[in-house]
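target_0.cif (mmCIF, C-alpha atoms)
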```cif
data_query
#
loop_
_atom_site.group_PDB
_atom_site.id
_atom_site.type_symbol
_atom_site.label_atom_id
_atom_site.label_comp_id
_atom_site.auth_asym_id
_atom_site.auth_seq_id
_atom_site.Cartn_x
_atom_site.Cartn_y
_atom_site.Cartn_z
ATOM 1 C CA MET G 9 58.273 -28.538 220.205
ATOM 2 C CA ILE G 10 55.369 -28.283 217.680
ATOM 3 C CA VAL G 11 55.269 -31.166 215.169
ATOM 4 C CA CYS G 12 54.150 -30.192 211.658
ATOM 5 C CA PRO G 13 51.045 -32.247 210.628
ATOM 6 C CA ASN G 14 52.254 -32.255 207.009
ATOM 7 C CA CYS G 15 55.949 -33.269 207.126
ATOM 8 C CA ASN G 16 56.405 -34.169 210.859
ATOM 9 C CA HIS G 17 59.134 -31.546 211.216
ATOM 10 C CA GLN G 18 59.717 -30.461 214.848
ATOM 11 C CA ASN G 19 59.326 -26.689 215.138
ATOM 12 C CA PRO G 20 60.154 -24.533 218.234
ATOM 13 C CA ASP G 21 57.375 -23.529 220.643
ATOM 14 C CA GLY G 22 55.483 -20.431 219.522
ATOM 15 C CA ALA G 23 56.047 -21.043 215.791
ATOM 16 C CA THR G 24 53.033 -20.367 213.539
ATOM 17 C CA GLN G 25 54.450 -21.791 210.282
ATOM 18 C CA CYS G 26 56.500 -24.943 209.576
ATOM 19 C CA GLU G 27 60.159 -24.201 208.890
ATOM 20 C CA ALA G 28 60.412 -27.079 206.413
ATOM 21 C CA CYS G 29 57.212 -27.038 204.306
ATOM 22 C CA TYR G 30 55.673 -23.662 205.358
ATOM 23 C CA THR G 31 52.420 -25.274 206.469
ATOM 24 C CA PRO G 32 50.436 -23.278 209.102
ATOM 25 C CA LEU G 33 50.896 -24.888 212.515
ATOM 26 C CA PRO G 34 48.022 -25.588 214.964
ATOM 27 C CA VAL G 35 47.525 -23.269 217.955
ATOM 28 C CA THR G 36 48.414 -24.934 221.266
ATOM 29 C CA THR G 37 47.669 -24.387 224.939
ATOM 30 C CA ASN G 38 48.434 -26.125 228.257
ATOM 31 C CA CYS G 39 46.413 -28.908 229.898
ATOM 32 C CA PRO G 40 44.784 -27.567 233.105
ATOM 33 C CA ASN G 41 45.429 -30.922 234.832
ATOM 34 C CA CYS G 42 49.056 -31.821 234.038
ATOM 35 C CA GLY G 43 50.323 -28.736 232.125
ATOM 36 C CA ALA G 44 51.216 -30.654 228.952
ATOM 37 C CA THR G 45 51.060 -28.861 225.569
ATOM 38 C CA VAL G 46 47.805 -29.657 223.707
ATOM 39 C CA GLN G 47 45.945 -28.187 220.732
ATOM 40 C CA VAL G 48 43.172 -25.721 221.518
ATOM 41 C CA ASP G 49 40.585 -27.872 219.663
ATOM 42 C CA ALA G 50 41.649 -31.159 221.321
ATOM 43 C CA ALA G 51 38.990 -33.097 223.265
ATOM 44 C CA PHE G 52 41.364 -34.978 225.600
ATOM 45 C CA CYS G 53 44.918 -34.460 226.866
ATOM 46 C CA GLY G 54 47.331 -36.854 225.172
ATOM 47 C CA GLN G 55 49.519 -36.951 228.320
ATOM 48 C CA CYS G 56 47.034 -37.616 231.168
ATOM 49 C CA GLY G 57 43.730 -38.198 229.309
ATOM 50 C CA PHE G 58 42.008 -35.211 230.987
ATOM 51 C CA ASP G 59 38.638 -34.218 229.406
ATOM 52 C CA LEU G 60 39.400 -30.755 228.000
ATOM 53 C CA LYS G 61 35.883 -30.097 226.647
ATOM 54 C CA ALA G 62 34.195 -30.869 229.988
ATOM 55 C CA SER G 63 36.719 -28.670 231.811
ATOM 56 C CA THR G 64 36.048 -25.754 229.431
ATOM 57 C CA GLY G 65 32.246 -26.116 229.787
ATOM 58 C CA MET G 66 32.487 -26.335 233.614
ATOM 59 C CA GLU G 67 34.658 -23.204 233.823
ATOM 60 C CA GLU G 68 32.272 -21.246 231.582
ATOM 61 C CA GLY G 69 29.268 -22.412 233.661
ATOM 62 C CA GLN G 70 30.952 -21.361 236.914
ATOM 63 C CA VAL G 71 31.840 -17.899 235.590
ATOM 64 C CA LEU G 72 28.305 -17.401 234.242
ATOM 65 C CA SER G 73 26.640 -18.423 237.518
ATOM 66 C CA GLN G 74 28.950 -16.135 239.522
ATOM 67 C CA THR G 75 28.791 -13.019 237.342
ATOM 68 C CA ASP G 76 25.458 -13.008 235.480
ATOM 69 C CA PRO G 77 22.533 -11.956 237.719
ATOM 70 C CA ALA G 78 20.073 -13.173 235.068
ATOM 71 C CA VAL G 79 20.708 -16.794 236.032
ATOM 72 C CA MET G 80 20.100 -16.255 239.767
ATOM 73 C CA PRO G 81 17.103 -18.360 240.882
ATOM 74 C CA THR G 82 13.880 -16.682 241.988
ATOM 75 C CA ILE G 83 12.607 -17.944 245.369
ATOM 76 C CA VAL G 84 8.834 -18.160 245.655
ATOM 77 C CA SER G 85 7.225 -18.102 249.094
ATOM 78 C CA PRO G 86 4.945 -21.127 249.613
ATOM 79 C CA VAL G 87 2.618 -19.073 251.883
ATOM 80 C CA SER G 88 1.881 -15.930 249.969
ATOM 81 C CA GLY G 89 2.823 -17.033 246.405
ATOM 82 C CA THR G 90 5.146 -14.037 245.960
ATOM 83 C CA ASN G 91 8.855 -13.661 245.769
ATOM 84 C CA ALA G 92 10.675 -14.105 249.082
ATOM 85 C CA GLY G 93 11.711 -10.839 250.559
ATOM 86 C CA MET G 94 8.972 -8.871 248.702
ATOM 87 C CA PRO G 95 5.963 -7.291 250.521
ATOM 88 C CA SER G 96 2.958 -9.639 250.425
ATOM 89 C CA GLU G 97 -0.592 -8.571 249.689
ATOM 90 C CA ASP G 98 -3.816 -9.942 251.264
ATOM 91 C CA ILE G 99 -5.351 -12.683 249.115
ATOM 92 C CA PRO G 100 -9.191 -12.906 249.276
ATOM 93 C CA ASP G 101 -10.802 -16.197 250.248
ATOM 94 C CA LEU G 102 -11.874 -18.433 247.372
ATOM 95 C CA TYR G 103 -15.445 -19.834 247.266
ATOM 96 C CA PRO G 104 -16.452 -23.001 245.370
ATOM 97 C CA PRO G 105 -18.337 -22.260 242.121
ATOM 98 C CA ASP G 106 -22.004 -23.219 241.586
ATOM 99 C CA PRO G 107 -22.679 -26.384 239.553
ATOM 100 C CA LEU G 108 -23.289 -25.716 235.905
ATOM 101 C CA VAL G 109 -25.958 -28.334 234.992
ATOM 102 C CA THR G 110 -27.947 -30.766 237.111
ATOM 103 C CA LEU G 111 -28.211 -34.151 235.383
ATOM 104 C CA GLU G 112 -31.607 -35.927 235.547
ATOM 105 C CA PRO G 113 -31.956 -39.722 235.244
ATOM 106 C CA ILE G 114 -33.272 -41.026 231.930
ATOM 107 C CA PRO G 115 -36.389 -43.194 232.398
ATOM 108 C CA VAL G 116 -36.110 -46.769 231.122
ATOM 109 C CA SER G 117 -39.301 -48.287 229.641
ATOM 110 C CA GLY G 118 -38.439 -51.909 230.206
ATOM 111 C CA THR G 119 -35.790 -54.303 231.308
ATOM 112 C CA PRO G 120 -33.624 -55.485 228.426
ATOM 113 C CA ASN G 121 -33.656 -59.198 227.634
ATOM 114 C CA LEU G 122 -30.124 -60.315 228.254
ATOM 115 C CA GLU G 123 -30.837 -63.786 226.821
ATOM 116 C CA LYS G 124 -31.649 -62.354 223.387
ATOM 117 C CA SER G 125 -28.962 -59.685 223.372
ATOM 118 C CA SER G 126 -26.088 -61.972 224.205
ATOM 119 C CA ASN G 127 -25.950 -65.704 223.723
ATOM 120 C CA ILE G 128 -23.387 -67.079 226.145
ATOM 121 C CA ASN G 129 -23.611 -70.622 224.845
ATOM 122 C CA THR G 130 -22.937 -69.638 221.239
ATOM 123 C CA PRO G 131 -19.744 -71.420 220.227
ATOM 124 C CA VAL G 132 -16.924 -69.260 218.910
ATOM 125 C CA PRO G 133 -15.776 -70.430 215.494
ATOM 126 C CA THR G 134 -12.185 -71.509 215.513
ATOM 127 C CA GLU G 135 -9.795 -71.238 212.618
ATOM 128 C CA GLU G 136 -8.423 -74.406 211.197
ATOM 129 C CA PRO G 137 -4.653 -74.638 211.295
ATOM 130 C CA PRO G 138 -3.082 -74.154 207.913
ATOM 131 C CA GLN G 139 -2.085 -77.295 206.155
ATOM 132 C CA THR G 140 1.606 -77.717 205.694
ATOM 133 C CA ILE G 141 3.037 -79.002 202.484
ATOM 134 C CA ASN G 142 5.679 -81.618 202.908
ATOM 135 C CA ALA G 143 8.926 -80.334 201.506
ATOM 136 C CA ILE G 144 10.947 -82.484 199.229
ATOM 137 C CA SER G 145 13.600 -84.072 201.392
ATOM 138 C CA ASN G 146 15.995 -84.854 198.576
ATOM 139 C CA PRO G 147 15.995 -82.072 195.974
ATOM 140 C CA VAL G 148 17.226 -83.028 192.553
ATOM 141 C CA VAL G 149 20.332 -81.111 191.546
ATOM 142 C CA THR G 150 21.224 -81.069 187.890
ATOM 143 C CA SER G 151 24.889 -80.772 187.092
ATOM 144 C CA PRO G 152 25.890 -78.636 184.122
ATOM 145 C CA SER G 153 26.997 -80.323 181.000
ATOM 146 C CA PRO G 154 30.773 -80.654 180.664
ATOM 147 C CA THR G 155 30.545 -79.030 177.244
ATOM 148 C CA GLU G 156 28.898 -75.897 178.607
ATOM 149 C CA LYS G 157 31.233 -73.158 179.857
ATOM 150 C CA THR G 158 30.178 -70.754 182.580
ATOM 151 C CA PRO G 159 31.273 -67.198 181.770
ATOM 152 C CA ILE G 160 33.630 -65.723 184.373
ATOM 153 C CA PRO G 161 33.222 -61.990 184.937
ATOM 154 C CA ALA G 162 36.379 -60.020 184.331
ATOM 155 C CA LYS G 163 37.917 -58.363 187.383
ATOM 156 C CA THR G 164 38.462 -54.645 187.228
ATOM 157 C CA GLN G 165 41.946 -53.710 188.358
ATOM 158 C CA LEU G 166 42.723 -50.128 189.376
ATOM 159 C CA GLN G 167 46.251 -49.085 188.566
ATOM 160 C CA LYS G 168 47.734 -46.334 190.700
ATOM 161 C CA GLN G 169 49.543 -43.576 188.848
ATOM 162 C CA SER G 170 53.269 -43.269 189.469
ATOM 163 C CA ALA G 171 55.856 -40.750 188.329
ATOM 164 C CA LYS G 172 59.624 -40.639 187.991
ATOM 165 C CA LEU G 173 62.555 -38.333 187.212
ATOM 166 C CA ILE G 174 65.121 -39.323 184.564
ATOM 167 C CA HIS G 175 68.616 -37.842 185.013
ATOM 168 C CA ILE G 176 69.540 -36.726 181.527
ATOM 169 C CA ARG G 177 73.349 -37.056 181.669
ATOM 170 C CA THR G 178 73.438 -40.527 183.265
ATOM 171 C CA ASP G 179 70.011 -41.815 182.072
ATOM 172 C CA THR G 180 69.163 -42.814 185.659
ATOM 173 C CA ASP G 181 65.521 -43.337 186.701
ATOM 174 C CA ILE G 182 64.390 -42.033 190.096
ATOM 175 C CA GLU G 183 60.929 -43.226 191.157
ATOM 176 C CA LEU G 184 58.964 -40.659 193.165
ATOM 177 C CA PRO G 185 57.760 -42.032 196.531
ATOM 178 C CA VAL G 186 54.035 -42.850 196.388
ATOM 179 C CA ASN G 187 53.487 -42.593 200.152
ATOM 180 C CA LEU G 188 54.519 -38.919 200.465
ATOM 181 C CA SER G 189 52.542 -35.795 199.634
ATOM 182 C CA VAL G 190 55.642 -33.550 199.749
ATOM 183 C CA ILE G 191 58.938 -34.795 198.258
ATOM 184 C CA HIS G 192 62.091 -32.855 199.249
ATOM 185 C CA ILE G 193 64.876 -32.609 196.644
ATOM 186 C CA GLY G 194 68.403 -31.663 197.699
ATOM 187 C CA LYS G 195 71.456 -33.025 199.496
ATOM 188 C CA PRO G 196 71.954 -34.475 202.995
ATOM 189 C CA ASN G 197 71.533 -31.952 205.814
ATOM 190 C CA ASP G 198 70.517 -31.815 209.471
ATOM 191 C CA ARG G 199 67.409 -29.672 208.940
ATOM 192 C CA VAL G 200 65.269 -31.327 206.219
ATOM 193 C CA PRO G 201 66.738 -34.642 204.955
ATOM 194 C CA PRO G 202 66.034 -34.988 201.217
ATOM 195 C CA ASP G 203 63.668 -37.656 199.890
ATOM 196 C CA ILE G 204 65.579 -37.487 196.579
ATOM 197 C CA ASP G 205 69.346 -37.151 197.159
ATOM 198 C CA VAL G 206 71.201 -35.737 194.129
ATOM 199 C CA SER G 207 74.628 -35.548 195.781
ATOM 200 C CA GLY G 208 75.844 -38.551 193.754
ATOM 201 C CA PHE G 209 75.235 -36.950 190.347
ATOM 202 C CA PRO G 210 77.891 -34.924 188.441
ATOM 203 C CA ASP G 211 78.128 -31.178 189.177
ATOM 204 C CA SER G 212 75.867 -31.583 192.235
ATOM 205 C CA GLU G 213 77.712 -28.700 193.943
ATOM 206 C CA VAL G 214 75.282 -26.276 192.231
ATOM 207 C CA VAL G 215 72.362 -27.902 194.095
ATOM 208 C CA SER G 216 71.425 -26.554 197.546
ATOM 209 C CA ARG G 217 70.908 -28.841 200.518
ATOM 210 C CA SER G 218 67.204 -27.853 200.602
ATOM 211 C CA HIS G 219 66.605 -26.993 196.960
ATOM 212 C CA ALA G 220 63.045 -27.762 195.737
ATOM 213 C CA ASP G 221 59.857 -29.624 196.681
ATOM 214 C CA ILE G 222 57.462 -31.700 194.564
ATOM 215 C CA ARG G 223 53.913 -31.686 195.938
ATOM 216 C CA ILE G 224 51.357 -34.360 195.008
ATOM 217 C CA GLU G 225 47.662 -33.382 195.033
ATOM 218 C CA GLY G 226 45.414 -36.117 193.649
ATOM 219 C CA ASP G 227 46.739 -36.956 190.158
ATOM 220 C CA SER G 228 48.631 -33.648 189.802
ATOM 221 C CA TYR G 229 52.300 -32.925 190.540
ATOM 222 C CA TYR G 230 53.657 -29.449 191.375
ATOM 223 C CA ILE G 231 57.260 -28.258 191.813
ATOM 224 C CA GLU G 232 58.410 -25.161 193.693
ATOM 225 C CA ASP G 233 61.736 -23.642 194.695
ATOM 226 C CA ILE G 234 62.195 -23.403 198.500
ATOM 227 C CA GLY G 235 64.970 -20.810 198.575
ATOM 228 C CA SER G 236 67.853 -22.445 196.721
ATOM 229 C CA SER G 237 71.057 -20.532 196.027
ATOM 230 C CA ASN G 238 71.199 -21.143 192.249
ATOM 231 C CA GLY G 239 67.479 -21.381 191.460
ATOM 232 C CA THR G 240 65.150 -23.965 189.909
ATOM 233 C CA TYR G 241 64.231 -23.950 186.218
ATOM 234 C CA VAL G 242 61.382 -25.683 184.316
ATOM 235 C CA ASN G 243 61.849 -25.747 180.544
ATOM 236 C CA ASN G 244 64.550 -23.034 180.924
ATOM 237 C CA THR G 245 62.141 -20.756 182.858
ATOM 238 C CA SER G 246 63.188 -19.714 186.359
ATOM 239 C CA LEU G 247 60.762 -20.337 189.244
ATOM 240 C CA THR G 248 60.425 -17.629 191.861
ATOM 241 C CA ARG G 249 60.238 -18.748 195.477
ATOM 242 C CA GLY G 250 56.652 -19.481 196.546
ATOM 243 C CA ASN G 251 55.335 -19.891 192.973
ATOM 244 C CA ARG G 252 54.783 -23.520 192.056
ATOM 245 C CA HIS G 253 54.548 -25.021 188.568
ATOM 246 C CA LYS G 254 52.256 -27.893 187.542
ATOM 247 C CA LEU G 255 54.421 -30.595 185.972
ATOM 248 C CA ARG G 256 53.489 -32.312 182.727
ATOM 249 C CA PRO G 257 55.110 -35.367 181.148
ATOM 250 C CA GLY G 258 58.281 -34.327 179.311
ATOM 251 C CA ASP G 259 58.993 -31.202 181.399
ATOM 252 C CA ARG G 260 62.725 -30.501 181.860
ATOM 253 C CA ILE G 261 63.692 -29.661 185.453
ATOM 254 C CA SER G 262 67.076 -28.008 186.072
ATOM 255 C CA LEU G 263 68.481 -27.643 189.583
ATOM 256 C CA GLY G 264 70.855 -24.672 189.491
ATOM 257 C CA LYS G 265 72.218 -22.543 186.690
ATOM 258 C CA GLY G 266 73.869 -23.823 183.529
ATOM 259 C CA ASP G 267 71.534 -26.832 183.110
ATOM 260 C CA LEU G 268 74.186 -29.023 184.769
ATOM 261 C CA VAL G 269 71.845 -31.149 186.918
ATOM 262 C CA SER G 270 68.729 -31.750 184.794
ATOM 263 C CA PHE G 271 65.880 -34.259 184.878
ATOM 264 C CA LEU G 272 62.937 -35.202 182.690
ATOM 265 C CA PHE G 273 59.552 -35.661 184.403
ATOM 266 C CA GLN G 274 57.575 -38.727 183.313
ATOM 267 C CA ILE G 275 54.250 -40.318 184.430
ATOM 268 C CA SER G 276 53.701 -44.059 184.075
#
```
Please express the file's structure as structure tokens.
Amino acid sequence: MIVCPNCNHQNPDGATQCEACYTPLPVTTNCPNCGATVQVDAAFCGQCGFDLKASTGMEEGQVLSQTDPAVMPTIVSPVSGTNAGMPSEDIPDLYPPDPLVTLEPIPVSGTPNLEKSSNINTPVPTEEPPQTINAISNPVVTSPSPTEKTPIPAKTQLQKQSAKLIHIRTDTDIELPVNLSVIHIGKPNDRVPPDIDVSGFPDSEVVSRSHADIRIEGDSYYIEDIGSSNGTYVNNTSLTRGNRHKLRPGDRISLGKGDLVSFLFQIS
């Protein structure tokens, strides 16, 4: 089975698109060590921990060394300096070169006076250690006056945006889950269980088991029909399958014909 990375739906082997949310599925292969199914860009096998990158590099190196003659080493003969197996030529004897310049000693007029040039007994001046200043052992701490008030900086609180659907006929609020990026709307089924179950509302028989999805991208909300029998309408306009609509506060969402199961979209 191939698990969808978007909605965790289990798809059959060989599938290229998720059956639930239509997300492209990753390409898989088999581990060369244990045969488990792994993604082609995985570094290690999740079943046995085998290093897939090292195995791929080793196999490529073996094929290259066996098939490419350009990587075959060249053997040099230590005697003749030519390639082994090639006909050698006679090398002439080498003679040492003549010296370039003959250095002559420089005459010295007198013996230098070592006593004047260097005074061994001259004392080396030493640096005095820096004087340390005694630190105050008991620093004086002044307490603020009881009449003075220390300003307290205000804390900045970030409020996360939330949205909800209001059922028009029963005035029931349905909070959209904040931990999901795709929210399934429909009725209970064995294929894609709904995140928002509308089976308890009046006239819910016009709603398909997998009717519509609300996708959350950043601060934006989009709704799309996923192949319902009676269609999905936004502000009395029908949505074609695959075309999503960006929701705005106050939009009227109707699941099915006749505006029998309708909701208002609100952001708080």
If you apply the PyMOL selection byres ((chain G and resi 178-193) around 10) to this file, what residues do you get, as a ChimeraX atom specification?
-> /G:14-15,28-29,168-177,194-196,200-206,209-210,215-226,229-231,233-234,263,271-275
Å distance separating CA of His253 (chain G) from CA of Ser212 (chain G), one decimal place |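 Straight-line distance from CA of His253 (chain G) to CA of Ser212 (chain G) works out to 22.6 Å.
Distances to Gly208 (chain G) were evaluated for G:Leu33, G:Cys42, G:Leu247, G:Val269 using only C-alpha atoms, and the minimum falls at G:Val269.
Going from CA of Arg249 (chain G) over to CA of Ser237 (chain G), you cover 11.0 Å.
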Correct to one decimal, the distance CA of Gly264 (chain G)-CA of Glu213 (chain G) is 9.1 Å
Write out as a PyMOL selection string the residues lying within 10 Å of region 44-57 of chain G, counting all atoms listed in the file and excluding same-chain residues fewer than 4 positions away.
-> chain G and resi 9-10+21+34-40+61-63
